[in-house]
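First up is the structure itself, then whatever we jot down about it.
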Amino acid sequence: MSLLKSILEASAKSGRQGFIRNLPRHHLVYMPRNDKLLVTFDHYGSIHSAPPRLPWGHALAEEMGWSHLGNMTKQNDWFRHKDMFMVYRGLRDRGFFADFDDVVFYGASMGGYAACAFSIVHPGARVVAISPQTTLRKSLAPFETRFDEGRKLGQWSGPWIDAARTLEQASSVKVIYDPWWRPDAAHVARLTSPRVERYWTPFMRHRVPQHLNDMGLMSTVASRAIKSGMNPSKFRLLLRQRHRNAGFVKALLRQAASRGHATLVRKVIAGPHVPFSATERADFARELGL
């Protein structure tokens with residue numbers, strides 16, 4: 001936490017007062033900059049990030065010049081802990097969110113669930129969620145068979161357990177996901193609010209942020225979505241770059257091979273348009289058993 005403290009100390013010298021809240025399972029880090037607030041939540045893999053660790057979205061908020069409330073996890077409980085509920089109710093009741101002209105809740109996967117769920121503390125907030133879950137409560141999402149750790153650690157009773165309901169108070173919701181990846185698509189299908197906009201990332205499965213990052217698009221997509229500078233047609237134009245990205249093409253071909261299209265995959269690998277070298281072609285064909 002020393003790096004975070006030094007960042008906040010530098011902010012205080014400029015006349016802005018941030019804070020760090022150390023909770024049993026989470027850290028909240030607030031960095032004030034302007035009258036727009038980005039609220040972010042760590043994803044599942046954040047606890048394994050190499051030190052020095054910063055809240056997810058820290059660099060993005062800094063680049064945009066937005067104030068940032070970063071929620072860091074010590075345990076992957078989907079931010080379902082009584083102290084998180086208490087802190088967010090307290091921030092709401094003190095008018096913390098009301099002091100900003102624009103508030104956006106943003107996260108991916110576990111953080112996407114939290115962004116959707118906790119946005120209820122500020123009705124009218126905007127939400128940007130990548131491959132989010134709506135809940136891990138079995139009775140509400142019986143199709144969800146992943147994330148046993150989050151189901152066991154999280155308190156799936158009490159407030160805000162179902163993001164499909166909390167999102168009804170958001171002014172806009174942008175959800176970026178793979179419609180062909182059934183577990184994520186099933187969660188998004190539960191979002192019935194007319195304010196939900198769906199942005200498709202076909203065949204990226206649950207690894208949407210990783211694929212976008214590999215393409216050099218993650219920062220662009222996130223900042224445009226957060227600033228309301230993105231619509232589905234603009235997003236599709238950006239996503240055309242995926243066909244020139246080796247990681248995406250390999251992921252697509254792996255799925256094709258797993259569905260019994262070995263002959264087609266063999267032809268594509270041997271063709272002139274795959275974005276990897278002859279050595280990579282041979283290695284990849286061996287990986288697939290072709």
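In the structure tokens, chains take letters A, B, ... by order of appearance, with residues numbered from 1 within each chain and ligands from 1 in the order shown.
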
Exercise. What residues in range 52-278 of chain A get the DSSP label alpha helix (DSSP H)? Please answer as a PyMOL selection string.
Worked result: chain A and resi 58-64+82-93+110-118+148-153+163-166+182-189+208-214+218-226+232-239+246-258+262-270+278

Problem set entry | Residues within 9 Å of range 115-132 of chain A, only C-alpha atoms, excluding chain neighbours under 5 positions, as a VMD selection string | chain A and resid 39 to 41 85 88 to 89 91 to 93 97 to 98 102 to 110 160 to 178 184 to 185 187 to 188 205 to 209 222 225 to 226

Using the selection just defined, write its residues with C-alpha atoms as a short mmCIF file (atom, residue, chain, number, x, y, z; two decimals), in the first residue's frame.
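Final output, saved to part.cif:
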data_model
loop_
_atom_site.label_atom_id
_atom_site.label_comp_id
_atom_site.auth_asym_id
_atom_site.auth_seq_id
_atom_site.Cartn_x
_atom_site.Cartn_y
_atom_site.Cartn_z
CA VAL A 39 -15.81 3.68 -9.75
CA THR A 40 -13.93 0.46 -10.55
CA PHE A 41 -13.76 -3.01 -9.07
CA PHE A 85 -22.34 -2.74 2.01
CA TYR A 88 -21.20 2.18 0.26
CA ARG A 89 -24.33 3.03 2.18
CA LEU A 91 -20.84 7.13 1.04
CA ARG A 92 -24.33 7.40 -0.41
CA ASP A 93 -25.86 8.85 2.74
CA PHE A 97 -21.62 10.45 -5.22
CA ALA A 98 -23.99 13.41 -5.49
CA ASP A 102 -21.07 12.20 -13.86
CA VAL A 103 -20.58 8.82 -12.13
CA VAL A 104 -19.63 5.64 -14.01
CA PHE A 105 -19.33 2.20 -12.42
CA TYR A 106 -16.93 -0.03 -14.38
CA GLY A 107 -15.61 -3.58 -14.06
CA ALA A 108 -15.02 -6.94 -15.73
CA SER A 109 -16.26 -10.40 -14.69
CA MET A 110 -16.35 -10.32 -10.86
CA TRP A 160 -27.94 -5.95 -4.07
CA ILE A 161 -27.58 -9.67 -4.74
CA ASP A 162 -29.14 -9.46 -8.20
CA ALA A 163 -27.57 -7.04 -10.66
CA ALA A 164 -30.46 -7.62 -13.06
CA ARG A 165 -32.60 -5.67 -10.59
CA THR A 166 -30.13 -3.05 -9.38
CA LEU A 167 -29.41 -1.97 -12.96
CA GLU A 168 -32.98 -0.82 -13.38
CA GLN A 169 -31.97 2.45 -11.70
CA ALA A 170 -28.95 3.11 -13.96
CA SER A 171 -29.30 5.77 -16.66
CA SER A 172 -27.35 3.67 -19.19
CA VAL A 173 -25.65 0.28 -19.20
CA LYS A 174 -23.04 -0.85 -21.72
CA VAL A 175 -22.32 -4.59 -21.57
CA ILE A 176 -19.42 -6.00 -23.59
CA TYR A 177 -19.46 -9.79 -23.90
CA ASP A 178 -19.27 -12.86 -26.14
CA ASP A 184 -21.91 -15.09 -19.95
CA ALA A 185 -24.74 -14.85 -22.47
CA HIS A 187 -26.31 -13.65 -17.42
CA VAL A 188 -26.73 -10.89 -19.99
CA ARG A 205 -15.38 -16.25 -24.54
CA HIS A 206 -14.73 -14.95 -21.01
CA ARG A 207 -11.33 -13.49 -21.92
CA VAL A 208 -12.63 -10.31 -23.53
CA PRO A 209 -10.30 -7.89 -21.68
CA ALA A 222 -12.99 1.47 -22.15
CA ALA A 225 -17.57 3.55 -23.40
CA ILE A 226 -17.02 5.51 -20.19
#

Exercise. Please, which residues of range 27-226 of chain A, numbered as in this document, come out strand (DSSP E or B) from DSSP, as a PyMOL selection string?
Worked result: chain A and resi 27-31+36-41+67-73+102-108+126-130+172-177+196-200

Exercise. Any idea what the distance is between CA of Arg259 in chain A and CA of Arg182 in chain A?
Worked result: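 If I compute the distance from CA of Arg259 in chain A to CA of Arg182 in chain A, I get 14.8 Å.
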
Exercise. Which residue, A:Asp77, A:Asn213, A:Trp181, A:Arg198, has the smallest gap to Thr135 in chain A when you use only C-alpha atoms?
Worked result: A:Asp77
